[in-house]
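Participant: What follows is a single structure, and I will ask about it in a moment.
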Amino acid sequence: MVTEFTPIAAAIGGALIGIACALLLVLYGKIAGISGIVKSVFNKQTAESRWKLYFIVGLLLAGIAVRIFAPSLLEGELSLSPVLIVVAGLLVGMGTSLANGCTSGHGVCGMSRFSTRSWVSTCTFMAVAIITANLVG
Amino acid sequence: MTAVIHVILGFIFGLGLIISGMTNPDKVLNFLNFQNQWDGSLIIVMAVAMGIMMLAWFWVAKKDKPLLGEAFTLSDVKNISPRLITGSVLFGLGWGLSGICPGPGLVQLASLKMEFWLFFAAVLGGMWIAKKV
């Protein structure tokens, strides 16, 4: 489906994401890496790791609130067969787990820290995603 | 109080993903795929978020502990391992195929669409597999 270039909404949304990441770092010294936060559900829960569950609750509440008050903002669908949805999900889960990060952890938080690992990871997954999307789409 | 603040931070992050349109797989795919009408929104989202984070890192460099926490819990891993590259390639394949990464995948559960629940279950499955190997 065709989507419009929406620079202002992108900048506002990007600012909110940046502010959330920045506050988590400045207030608590932690990295807002969503794949790492999600992966932590498989680990033994400690008082130290509980913040990740709270963060996940916040993410879900944002989705629920928007669905109630402005459902059109949450538009979007996966135009893939169920088999490909599972394949893509498995790849995303395995990949972010092995790479220890995704678009948020490596992309937003790591690259801004000038971490070589994050730059290598982000450039790699971006390049592979661009090739994949062009071949499949 | 700490719990409430973390919920709020997650909420702000999720709101950012939704407002920027990153929870819409088509918007992400139209950035990655140059053959359709190209949508450059994703790069603006990344650039603005990174710019704000850069300021936070400058602040962190001068401090020895966060404002409300005991210590910074940051990765000090430096090596470019085969594991990092393999993982990034696999993630790129899945992301390029679906247009969904973990954050938007989580937020889209609220849409209650079967496809997003299936996707997220597979993400958890993939993480579980990676933990086993």
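Labels for the structure tokens follow display order: chains A, B, ..., residues from 1 in each chain, ligands from 1.
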Report as JSON, numbers by chain all protein, DNA and RNA residues lying within 9 Å of Ser112 of chain A, evaluated on only C-alpha atoms, omitting residues in the same chain fewer than 2 positions from it.
Facilitator: {"A": [106, 107, 108, 109, 110, 114, 115], "B": [49, 50, 51, 52, 53, 54, 55, 57]}
Participant: Wanna dump the segment 10-119 of chain B-segment 48-59 of chain A contacts at 12 Å for me, each residue with its shortest atom pair and the distance in Å to one decimal, counting only C-alpha atoms, ordered by chain and number, as a Markdown table?
Facilitator:
```
| residue | atom | partner | partner_atom | distance |
| --- | --- | --- | --- | --- |
| B:Gly10 | CA | A:Gly58 | CA | 4.1 |
| B:Phe11 | CA | A:Gly58 | CA | 4.1 |
| B:Ile12 | CA | A:Gly58 | CA | 7.7 |
| B:Phe13 | CA | A:Leu59 | CA | 6.7 |
| B:Gly14 | CA | A:Leu59 | CA | 4.7 |
| B:Leu15 | CA | A:Leu59 | CA | 7.8 |
| B:Gly16 | CA | A:Leu59 | CA | 9.9 |
| B:Leu17 | CA | A:Leu59 | CA | 9.4 |
| B:Ile18 | CA | A:Leu59 | CA | 10.2 |
| B:Thr23 | CA | A:Leu59 | CA | 11.7 |
| B:Gly69 | CA | A:Glu48 | CA | 10.9 |
| B:Glu70 | CA | A:Glu48 | CA | 11.1 |
| B:Ala71 | CA | A:Glu48 | CA | 11.8 |
| B:Thr73 | CA | A:Glu48 | CA | 10.8 |
| B:Pro102 | CA | A:Ile56 | CA | 11.1 |
| B:Gly103 | CA | A:Leu59 | CA | 8.0 |
| B:Pro104 | CA | A:Leu59 | CA | 9.1 |
| B:Gly105 | CA | A:Leu59 | CA | 10.3 |
| B:Leu106 | CA | A:Leu59 | CA | 7.2 |
| B:Val107 | CA | A:Leu59 | CA | 5.8 |
| B:Gln108 | CA | A:Leu59 | CA | 9.6 |
| B:Leu109 | CA | A:Leu59 | CA | 10.0 |
| B:Ala110 | CA | A:Leu59 | CA | 9.5 |
```
Participant: Pick out the residues sitting within 10 Å of Phe31 of chain B, and hand them over as a PyMOL selection string; count only C-alpha atoms, and ignore anything fewer than 4 positions along from it in its own chain.
Facilitator: (chain A and resi 3+5+130+133) or (chain B and resi 25-27+35-43+99)
Participant: Can you spit out the residues from that selection as a compact mmCIF listing (two decimals), in the first residue's frame, using N, CA and C atoms?
Facilitator:
```txt
# COMPACT_ATOMS: atom_id res chain seq x y z
N THR A 3 2.17 4.81 1.00
CA THR A 3 2.08 5.68 2.17
C THR A 3 2.73 7.01 1.81
N PHE A 5 4.95 10.48 2.52
CA PHE A 5 6.07 10.96 3.31
C PHE A 5 5.52 11.97 4.33
N ILE A 130 16.91 -3.85 3.06
CA ILE A 130 16.65 -3.13 1.80
C ILE A 130 16.69 -4.11 0.62
N ALA A 133 13.55 -6.43 0.91
CA ALA A 133 12.29 -5.75 0.56
C ALA A 133 12.20 -5.51 -0.95
N PRO B 25 3.45 -1.49 8.89
CA PRO B 25 4.48 -2.21 8.13
C PRO B 25 4.68 -1.63 6.72
N ASP B 26 3.60 -1.16 6.10
CA ASP B 26 3.72 -0.60 4.74
C ASP B 26 4.62 0.62 4.71
N LYS B 27 4.55 1.42 5.77
CA LYS B 27 5.36 2.64 5.82
C LYS B 27 6.85 2.29 5.90
N GLN B 35 11.21 0.47 -5.12
CA GLN B 35 10.43 0.28 -6.36
C GLN B 35 9.04 0.87 -6.25
N ASN B 36 8.52 0.97 -5.01
CA ASN B 36 7.22 1.61 -4.82
C ASN B 36 7.45 3.12 -4.70
N GLN B 37 6.36 3.86 -4.44
CA GLN B 37 6.54 5.28 -4.12
C GLN B 37 7.30 5.36 -2.79
N TRP B 38 8.51 5.93 -2.84
CA TRP B 38 9.39 5.88 -1.68
C TRP B 38 8.89 6.79 -0.57
N ASP B 39 8.96 6.29 0.68
CA ASP B 39 8.55 7.06 1.86
C ASP B 39 9.74 7.16 2.81
N GLY B 40 10.32 8.35 2.88
CA GLY B 40 11.55 8.53 3.68
C GLY B 40 11.31 8.79 5.16
N SER B 41 10.07 8.62 5.64
CA SER B 41 9.76 8.99 7.03
C SER B 41 10.68 8.30 8.04
N LEU B 42 11.00 7.04 7.80
CA LEU B 42 11.78 6.26 8.78
C LEU B 42 13.10 6.92 9.13
N ILE B 43 13.76 7.50 8.13
CA ILE B 43 15.07 8.09 8.39
C ILE B 43 14.94 9.33 9.27
N GLY B 99 8.47 -5.79 7.50
CA GLY B 99 8.34 -4.37 7.82
C GLY B 99 8.03 -4.12 9.29
```
Participant: Which residues come within 6 Å of Val48 of chain B, counting only C-alpha atoms, excluding same-chain residues fewer than 3 positions away, as an MDAnalysis selection string?
Facilitator: (chainID A and resid 14:15) or (chainID B and resid 45 51)
Participant: May I have the residues of chain A within 6 Å of chain B, counting only C-alpha atoms, written as a VMD selection string?
Facilitator: chain A and resid 3 5 to 7 9 to 11 13 to 18 20 22 26 to 30 34 to 35 54 to 55 58 to 60 62 to 64 76 85 to 86 88 to 99 108 112 117 121 124 to 125 128 to 130 132 to 134
